[in-house]
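Report on the structure given below.
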Amino acid sequence: MRSRKSAPPASSPSRPAPEAGWGRLGLIAWLAGVLLAPGALLASEIEGRVNLPPIAVPSERMPTQRYELPPRTGSPAPAPKTRTGLPTPAPKSGVAYTSDGTAMPNPRVAVVYLEGEFPLPAGAPRNERIEQKDLAFIPSFLAIQVGTKVEFPNLDDFYHNIFSNNQAKRFDLGRYRKDEIPPPQLFEKPGHVILRCDIHANMRALIVVVPSPYFVVTDKEGRFRLTGVPPGKYKLKVWKDSNTTLEREVEIPAAGTLSIDFP
Amino acid sequence: MQPPGNTPASSGRKVRGFAALLAAFGLAGGIPALQAQAFLDAIDGALSTETMQGQVRVQASGTLELEGYRFSQPSPGLLFTDGRSLLNPRLSVYLDAELGRRLYAFAQIRADRGFDPSSDPVRLRLDEYALRTTPTERGGFTAQVGRFGTVVGSWVPRHGAWANPFITAPLPYEALTGIWDTAAVRSPRQLLSWAHVPPAQVVRAEQEEKTLRVPILWGPSYATGLAVAGRLGKIDVAAEWKNSSLSSDPGVWDDLPRRWRDGTIGGRIGYRPGAAWNFGFSASQGPYLRASAEKTVRAGTKRDDYRQLVLGHDISFAWHRWQVWSEVFVARFGIPGVGSADTYSGYVEASYRFGPRFSFAGRLNRQTYNKIPDGSGGEAAWGRSTWRFDLAPSYRMSAHTQLKLQHSFQRETNAPTPYSQTTALQMTVRF
């Protein structure tokens with residue numbers, strides 16, 4: 001872990017120390033910036049990178065069509081062409097598995113979150129939404145805070161039946177039409193939840209429920225930036241897959257950016 | 001007279017054996033289910049492959065089933081054994097392949113103790129295979145050739161162990177009538193005798209004749225042939241030409257008829273006003289005697305004069321945690337010189353899911369027969385009027401493992417045992 005107070009990103013509310021050539025004007029400007037942004041003294045950010053080794057993402061499962069014509073989905077958007085000229089369809093399943101059955105998001109990302117005692121933001125977590133559209137969950141990966149409600153509207157003209165058997169959230173929505181709104185589901189326990197459709201076995205999605213309002217999803221290269229973090233001592237955790245959660249003790253400074261990489 | 005092996009001592013042993021089997025199923029399913037979930041999820045992904053940027057995709061999937069049955073003699077429906085209990089392991093492997101957007105092929109390979117559970121040793125079979133083409137880019141119309149389930153009725157799409165709330169088929173798909181496909185009926189009295197009306201005095205004789213008799217539809221009827229299917233808005237249309245009738249035994253599903261007329265034509269028109277409802281009308285007609293029965297037909301007639309006509313109506317409904325299905329069939333077996341042997345059969349089935357794990361299903365089945373001259377100046381129904389009520393709770397231990405129990409109460413008029421019960425247990429692992 002290395003503290004890097006001297007070079008925060010330009011978007012940070014805190015300002016860099018004035019360089020020697022700036023003179024008095026620069027000093028005034030720096031002081032004004034600090035004084036006009038008092039929150040910057042109480043909130044910092046953490047940035048870094050999580051090592052996400054590439055996995056062999058399995059091929060998409062095909063919808064069952066042995067005894068019935070597959071349901072007609074909306075006009076599918078043309079897939080982007082590759083150099084071979086053949087289309088590459090976007091992944092329909094949001095879950096990939098390693099050979100030992102470890103589940104992870106597809107495409108692969110991680111969830112970085114802070115654990116500890118800190119003042120919780122006022123109000124309940126905002127509601128989230130995962131749609132079922134064209135035989136896929138959209139989005140197929142979601143990270144949420146404990147206490148979040150998630151809606152699962154069906155935008156297809158045929159039935160879906162979402163369910164989960166995971167301990168973090170066990171539920172079965174039943175079958176809802178396009179014009180019905182199933183009751184939102186409250187996620188009260190931290191953990192991972194794999195969503196499936198009982199009618200279309202090829203549909204999968206993944207929800208990671210974290211016990212913290214301070215969390216962020218990395219990009220596909222594993223880079224992350226967690227902003228607005230209150231200063232103090234915490235555990236910084238990284239959910240990489242269903243079997244791997246990394247953690248580090250961190251001390252967040254009153255202002256500035258903490259840079260941490262996870263192997 | 002009791003069937004062999006049915007002494008009180010052996011019955012007690014079998015009851016204890018069945019109880020032990022129930023316990024073994026529970027342990028086999030319950031304990032490793034959660035550990036197996038991750039493993040089976042991993043297998044799930046490993047069984048698909050694609051090349052040419054997804055233009056060619058191949059996928060394997062299937063179920064591993066272990067079924068145990070306990071019943072009285074004669075064994076009910078399409079269970080073939082002299083005993084009072086039966087254990088049937090089954091491995092079903094499905095292969096699906098997409099070759100671009102226009103070609104699709106599938107096959108089903110099974111290893112079990114017969115297409116219908118029996119006392120035979122485990123054997124490997126190729127049950128289904130088909131090549132399907134979708135001529136238009138937008139889909140909506142397909143044509144296929146091969147050996148595959150019938151388009152008649154609405155049970156075939158959910159007859160697999162995972163999707164079917166029950167272990168046995170509905171009555172129209174498994175109740176054996178007095179019609180044989182190996183020999184033509186020569187007189188009303190003979191038909192009544194084959195239907196065991198009045199009941200045979202020796203139960204074993206009735207059991208032994210089971211392999212000769214046919215139902216209205218023999219399970220999913222994986223006969224060989226051609227089919228076309230299409231969707232026009234809310235209307236589904238499907239038609240097929242198959243090598244053998246809906247009632248035909250699995251033993252003839254591979255045989256190719258010498259003429260088109262020797263085959264069976266069938267079809268279904270469906271109407272889906274929305275996601276919840278599905279209404280369908282089906283029909284099928286074709287000769288029901290196998291080729292080897294040609295020499296048994298009445299003088300002056302031909303084998304294809306003995307035709308089976310089936311008319312069917314199906315309704316299904318689904319809403320939230322409820323699913324309801326119903327089908328009724330009228331089947332007529334034409335018998336030159338004797339007349340028409342008609343039978344009416346149907347069922348109503350409902351399933352309720354209490355959550356991701358537990359669900360409960362009930363099914364009421366009914367089959368009746370018309371009356372024919374009994375040869376003594378009177379008339380008699382040419383089969384036993386039957387009521388059957390099936391109850392089936394099921395428990396899914398994970399997204400890949402399911403334990404299902406079924407208990408059936410049956411009442412048959414003029415049967416050696418008018419009331420009979422069947423208990424079945426099925427453990428399914430899906431991959």
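Ligands are numbered from 1 in the order shown, residues from 1 within each chain, and chains are lettered A, B, ... in the order they appear in the structure tokens.
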- Message: If you run DSSP on the backbone here, which positions in stretch 146-385 of chain B get alpha helix (DSSP H)? Please write them as a list in words.
- Response: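 DSSP on the backbone gives alpha helix (DSSP H) at Pro188, Arg189, Gln190, Leu191, Leu192, Ser193, Trp194, Val203, Arg204, Ala205, Glu206, Gln207 and Glu208 of chain B.
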Write a file of the just-selected residues containing N, CA and C atoms, as a tab-separated table (two decimals), in the first residue's frame.
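The result, written out as result26.tsv:
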```tsv
chain	number	residue	atom	x	y	z
B	188	PRO	N	-65.96	-59.12	-32.30
B	188	PRO	CA	-66.14	-58.35	-31.07
B	188	PRO	C	-65.74	-59.16	-29.83
B	189	ARG	N	-66.07	-60.42	-29.82
B	189	ARG	CA	-65.73	-61.25	-28.66
B	189	ARG	C	-64.20	-61.30	-28.46
B	190	GLN	N	-63.49	-61.35	-29.58
B	190	GLN	CA	-62.03	-61.39	-29.46
B	190	GLN	C	-61.49	-60.07	-28.88
B	191	LEU	N	-62.10	-58.96	-29.32
B	191	LEU	CA	-61.65	-57.66	-28.80
B	191	LEU	C	-61.90	-57.58	-27.29
B	192	LEU	N	-63.08	-58.05	-26.88
B	192	LEU	CA	-63.38	-58.02	-25.44
B	192	LEU	C	-62.40	-58.92	-24.67
B	193	SER	N	-62.06	-60.02	-25.28
B	193	SER	CA	-61.11	-60.92	-24.62
B	193	SER	C	-59.73	-60.26	-24.50
B	194	TRP	N	-59.30	-59.60	-25.57
B	194	TRP	CA	-57.98	-58.94	-25.52
B	194	TRP	C	-57.98	-57.77	-24.52
B	203	VAL	N	-54.30	-63.18	-13.20
B	203	VAL	CA	-53.68	-61.87	-13.37
B	203	VAL	C	-52.43	-61.97	-14.22
B	204	ARG	N	-51.70	-63.08	-14.04
B	204	ARG	CA	-50.44	-63.21	-14.77
B	204	ARG	C	-50.65	-63.22	-16.27
B	205	ALA	N	-51.77	-63.83	-16.70
B	205	ALA	CA	-52.05	-63.86	-18.14
B	205	ALA	C	-52.23	-62.45	-18.67
B	206	GLU	N	-52.90	-61.63	-17.90
B	206	GLU	CA	-53.11	-60.24	-18.31
B	206	GLU	C	-51.77	-59.50	-18.36
B	207	GLN	N	-50.92	-59.78	-17.38
B	207	GLN	CA	-49.60	-59.15	-17.35
B	207	GLN	C	-48.79	-59.53	-18.59
B	208	GLU	N	-48.84	-60.82	-18.94
B	208	GLU	CA	-48.05	-61.28	-20.08
B	208	GLU	C	-48.53	-60.69	-21.40
```
- Query: What lies within 7 Å of A:Glu247 using only C-alpha atoms, ignoring chain neighbours under 4 positions off, as a list in words?
  - Reply: Lys235, Leu236, Lys237 and Val238 of chain A
For the selection you just gave me, I'd like the residues written to a file as an mmCIF file, in the first residue's frame, keeping N, CA, C and O atoms.
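Output contents, as saved in again_31.cif:
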```cif
data_model
loop_
_atom_site.group_PDB
_atom_site.id
_atom_site.type_symbol
_atom_site.label_atom_id
_atom_site.label_comp_id
_atom_site.auth_asym_id
_atom_site.auth_seq_id
_atom_site.Cartn_x
_atom_site.Cartn_y
_atom_site.Cartn_z
ATOM 1 N N LYS A 235 -11.527 -2.148 6.551
ATOM 2 C CA LYS A 235 -11.057 -3.259 5.720
ATOM 3 C C LYS A 235 -11.506 -2.975 4.289
ATOM 4 O O LYS A 235 -12.681 -2.695 4.055
ATOM 5 N N LEU A 236 -10.577 -3.043 3.381
ATOM 6 C CA LEU A 236 -10.930 -2.901 1.966
ATOM 7 C C LEU A 236 -11.003 -4.307 1.391
ATOM 8 O O LEU A 236 -10.036 -5.066 1.463
ATOM 9 N N LYS A 237 -12.168 -4.651 0.875
ATOM 10 C CA LYS A 237 -12.358 -6.018 0.388
ATOM 11 C C LYS A 237 -12.598 -6.030 -1.125
ATOM 12 O O LYS A 237 -13.146 -5.068 -1.686
ATOM 13 N N VAL A 238 -12.207 -7.125 -1.711
ATOM 14 C CA VAL A 238 -12.425 -7.317 -3.155
ATOM 15 C C VAL A 238 -13.113 -8.661 -3.359
ATOM 16 O O VAL A 238 -12.563 -9.706 -3.012
#
```
- May I ask which of the residues B:Thr301, B:Ser398, B:Ser316, B:Ser72 is the closest one to chain A, counting only C-alpha atoms?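 Using only C-alpha atoms, the shortest distance to chain A belongs to B:Ser398.
Atom pair atom CA of A:Leu186 / atom CA of A:Gly147: separated by 6.3 Å.
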- Contact set, chain B to chain A: 7 Å, only C-alpha atoms, as a PyMOL selection string: chain B and resi 38-39+41-42+45-46+48-50+53-54+157+275+319-321+355-356+398
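Taking atom CA of B:Glu65 and atom CA of B:Ser154 as the two end points, the separation is 23.1 Å.
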- What separates atom CA of B:Val338 and atom CA of B:Arg307 is a distance of 13.0 Å
Near B:Arg357, within 8 Å and counting only C-alpha atoms, which residues show up once chain neighbours fewer than 3 positions away are dropped, as a PDB file with N, CA and C atoms, in the first residue's frame?
```
ATOM      1  N   ASN A 165     -31.403 -20.030  -5.930  1.00  0.00           N
ATOM      2  CA  ASN A 165     -31.290 -21.008  -4.848  1.00  0.00           C
ATOM      3  C   ASN A 165     -30.168 -20.657  -3.880  1.00  0.00           C
TER       4      ASN A 165
ATOM      5  N   ARG B 353     -45.940 -23.819  -7.553  1.00  0.00           N
ATOM      6  CA  ARG B 353     -44.569 -23.705  -7.009  1.00  0.00           C
ATOM      7  C   ARG B 353     -44.622 -22.859  -5.747  1.00  0.00           C
ATOM      8  N   PHE B 354     -44.217 -23.447  -4.651  1.00  0.00           N
ATOM      9  CA  PHE B 354     -44.201 -22.698  -3.393  1.00  0.00           C
ATOM     10  C   PHE B 354     -42.956 -21.811  -3.292  1.00  0.00           C
ATOM     11  N   SER B 394     -42.661 -32.296  -5.396  1.00  0.00           N
ATOM     12  CA  SER B 394     -41.266 -32.388  -5.851  1.00  0.00           C
ATOM     13  C   SER B 394     -40.428 -31.341  -5.132  1.00  0.00           C
ATOM     14  N   TYR B 395     -39.161 -31.660  -4.993  1.00  0.00           N
ATOM     15  CA  TYR B 395     -38.259 -30.801  -4.235  1.00  0.00           C
ATOM     16  C   TYR B 395     -36.972 -30.637  -5.025  1.00  0.00           C
ATOM     17  N   ARG B 396     -36.632 -29.399  -5.333  1.00  0.00           N
ATOM     18  CA  ARG B 396     -35.391 -29.144  -6.066  1.00  0.00           C
ATOM     19  C   ARG B 396     -34.320 -28.736  -5.065  1.00  0.00           C
ATOM     20  N   MET B 397     -33.331 -29.584  -4.934  1.00  0.00           N
ATOM     21  CA  MET B 397     -32.260 -29.307  -3.980  1.00  0.00           C
ATOM     22  C   MET B 397     -31.310 -28.250  -4.512  1.00  0.00           C
ATOM     23  N   SER B 398     -31.241 -28.142  -5.800  1.00  0.00           N
ATOM     24  CA  SER B 398     -30.415 -27.114  -6.431  1.00  0.00           C
ATOM     25  C   SER B 398     -30.981 -26.900  -7.830  1.00  0.00           C
TER      26      SER B 398
END
```
- Could you pull out all residues of stretch 83-205 of chain B with a DSSP call of strand (DSSP E or B) and give them as a PyMOL selection string? chain B and resi 85-99+103-112+118+123-133+141-147+180
Selection export as a PDB file, in the first residue's frame, atoms kept: C-alpha atoms:
```pdb
ATOM      1  CA  SER B  85     -41.464 -53.090  -7.647  1.00  0.00           C
ATOM      2  CA  LEU B  86     -39.006 -51.835 -10.227  1.00  0.00           C
ATOM      3  CA  LEU B  87     -35.823 -49.835 -10.195  1.00  0.00           C
ATOM      4  CA  ASN B  88     -34.941 -47.984 -13.376  1.00  0.00           C
ATOM      5  CA  PRO B  89     -31.731 -45.982 -13.807  1.00  0.00           C
ATOM      6  CA  ARG B  90     -31.669 -43.786 -16.900  1.00  0.00           C
ATOM      7  CA  LEU B  91     -29.101 -41.574 -18.561  1.00  0.00           C
ATOM      8  CA  SER B  92     -30.456 -39.220 -21.221  1.00  0.00           C
ATOM      9  CA  VAL B  93     -27.984 -37.211 -23.265  1.00  0.00           C
ATOM     10  CA  TYR B  94     -29.171 -34.502 -25.645  1.00  0.00           C
ATOM     11  CA  LEU B  95     -26.975 -33.170 -28.412  1.00  0.00           C
ATOM     12  CA  ASP B  96     -27.920 -29.889 -30.056  1.00  0.00           C
ATOM     13  CA  ALA B  97     -26.088 -28.281 -32.940  1.00  0.00           C
ATOM     14  CA  GLU B  98     -26.663 -25.016 -34.767  1.00  0.00           C
ATOM     15  CA  LEU B  99     -25.078 -24.592 -38.152  1.00  0.00           C
ATOM     16  CA  LEU B 103     -29.787 -25.431 -39.832  1.00  0.00           C
ATOM     17  CA  TYR B 104     -30.348 -27.102 -36.504  1.00  0.00           C
ATOM     18  CA  ALA B 105     -29.851 -30.733 -35.518  1.00  0.00           C
ATOM     19  CA  PHE B 106     -30.570 -32.601 -32.330  1.00  0.00           C
ATOM     20  CA  ALA B 107     -30.326 -36.106 -30.952  1.00  0.00           C
ATOM     21  CA  GLN B 108     -31.311 -37.870 -27.767  1.00  0.00           C
ATOM     22  CA  ILE B 109     -29.375 -40.920 -26.597  1.00  0.00           C
ATOM     23  CA  ARG B 110     -30.588 -42.956 -23.657  1.00  0.00           C
ATOM     24  CA  ALA B 111     -29.259 -45.777 -21.544  1.00  0.00           C
ATOM     25  CA  ASP B 112     -31.932 -47.467 -19.423  1.00  0.00           C
ATOM     26  CA  SER B 118     -39.008 -52.884 -17.546  1.00  0.00           C
ATOM     27  CA  ARG B 123     -29.190 -50.880 -22.906  1.00  0.00           C
ATOM     28  CA  LEU B 124     -28.115 -47.888 -24.969  1.00  0.00           C
ATOM     29  CA  ARG B 125     -30.490 -46.458 -27.597  1.00  0.00           C
ATOM     30  CA  LEU B 126     -30.681 -43.578 -30.014  1.00  0.00           C
ATOM     31  CA  ASP B 127     -34.209 -42.380 -29.280  1.00  0.00           C
ATOM     32  CA  GLU B 128     -34.409 -39.155 -31.244  1.00  0.00           C
ATOM     33  CA  TYR B 129     -32.547 -37.427 -34.036  1.00  0.00           C
ATOM     34  CA  ALA B 130     -33.610 -34.751 -36.469  1.00  0.00           C
ATOM     35  CA  LEU B 131     -32.290 -32.182 -38.884  1.00  0.00           C
ATOM     36  CA  ARG B 132     -34.277 -28.963 -39.058  1.00  0.00           C
ATOM     37  CA  THR B 133     -34.064 -26.096 -41.480  1.00  0.00           C
ATOM     38  CA  PHE B 141     -41.294 -21.550 -40.176  1.00  0.00           C
ATOM     39  CA  THR B 142     -39.286 -24.762 -40.015  1.00  0.00           C
ATOM     40  CA  ALA B 143     -39.148 -28.167 -41.662  1.00  0.00           C
ATOM     41  CA  GLN B 144     -37.471 -31.192 -40.140  1.00  0.00           C
ATOM     42  CA  VAL B 145     -36.757 -34.814 -40.910  1.00  0.00           C
ATOM     43  CA  GLY B 146     -35.752 -37.623 -38.571  1.00  0.00           C
ATOM     44  CA  ARG B 147     -37.121 -39.504 -35.597  1.00  0.00           C
ATOM     45  CA  TRP B 180     -53.016 -55.223 -30.506  1.00  0.00           C
TER      46      TRP B 180
END
```
- Query: Of the candidates A:Glu221, A:Leu206, A:Val150, A:Ser140, which one gets nearest to A:Asp241 if we count only C-alpha atoms?
  - Reply: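 Using only C-alpha atoms, A:Asp241 sits closest to A:Leu206.
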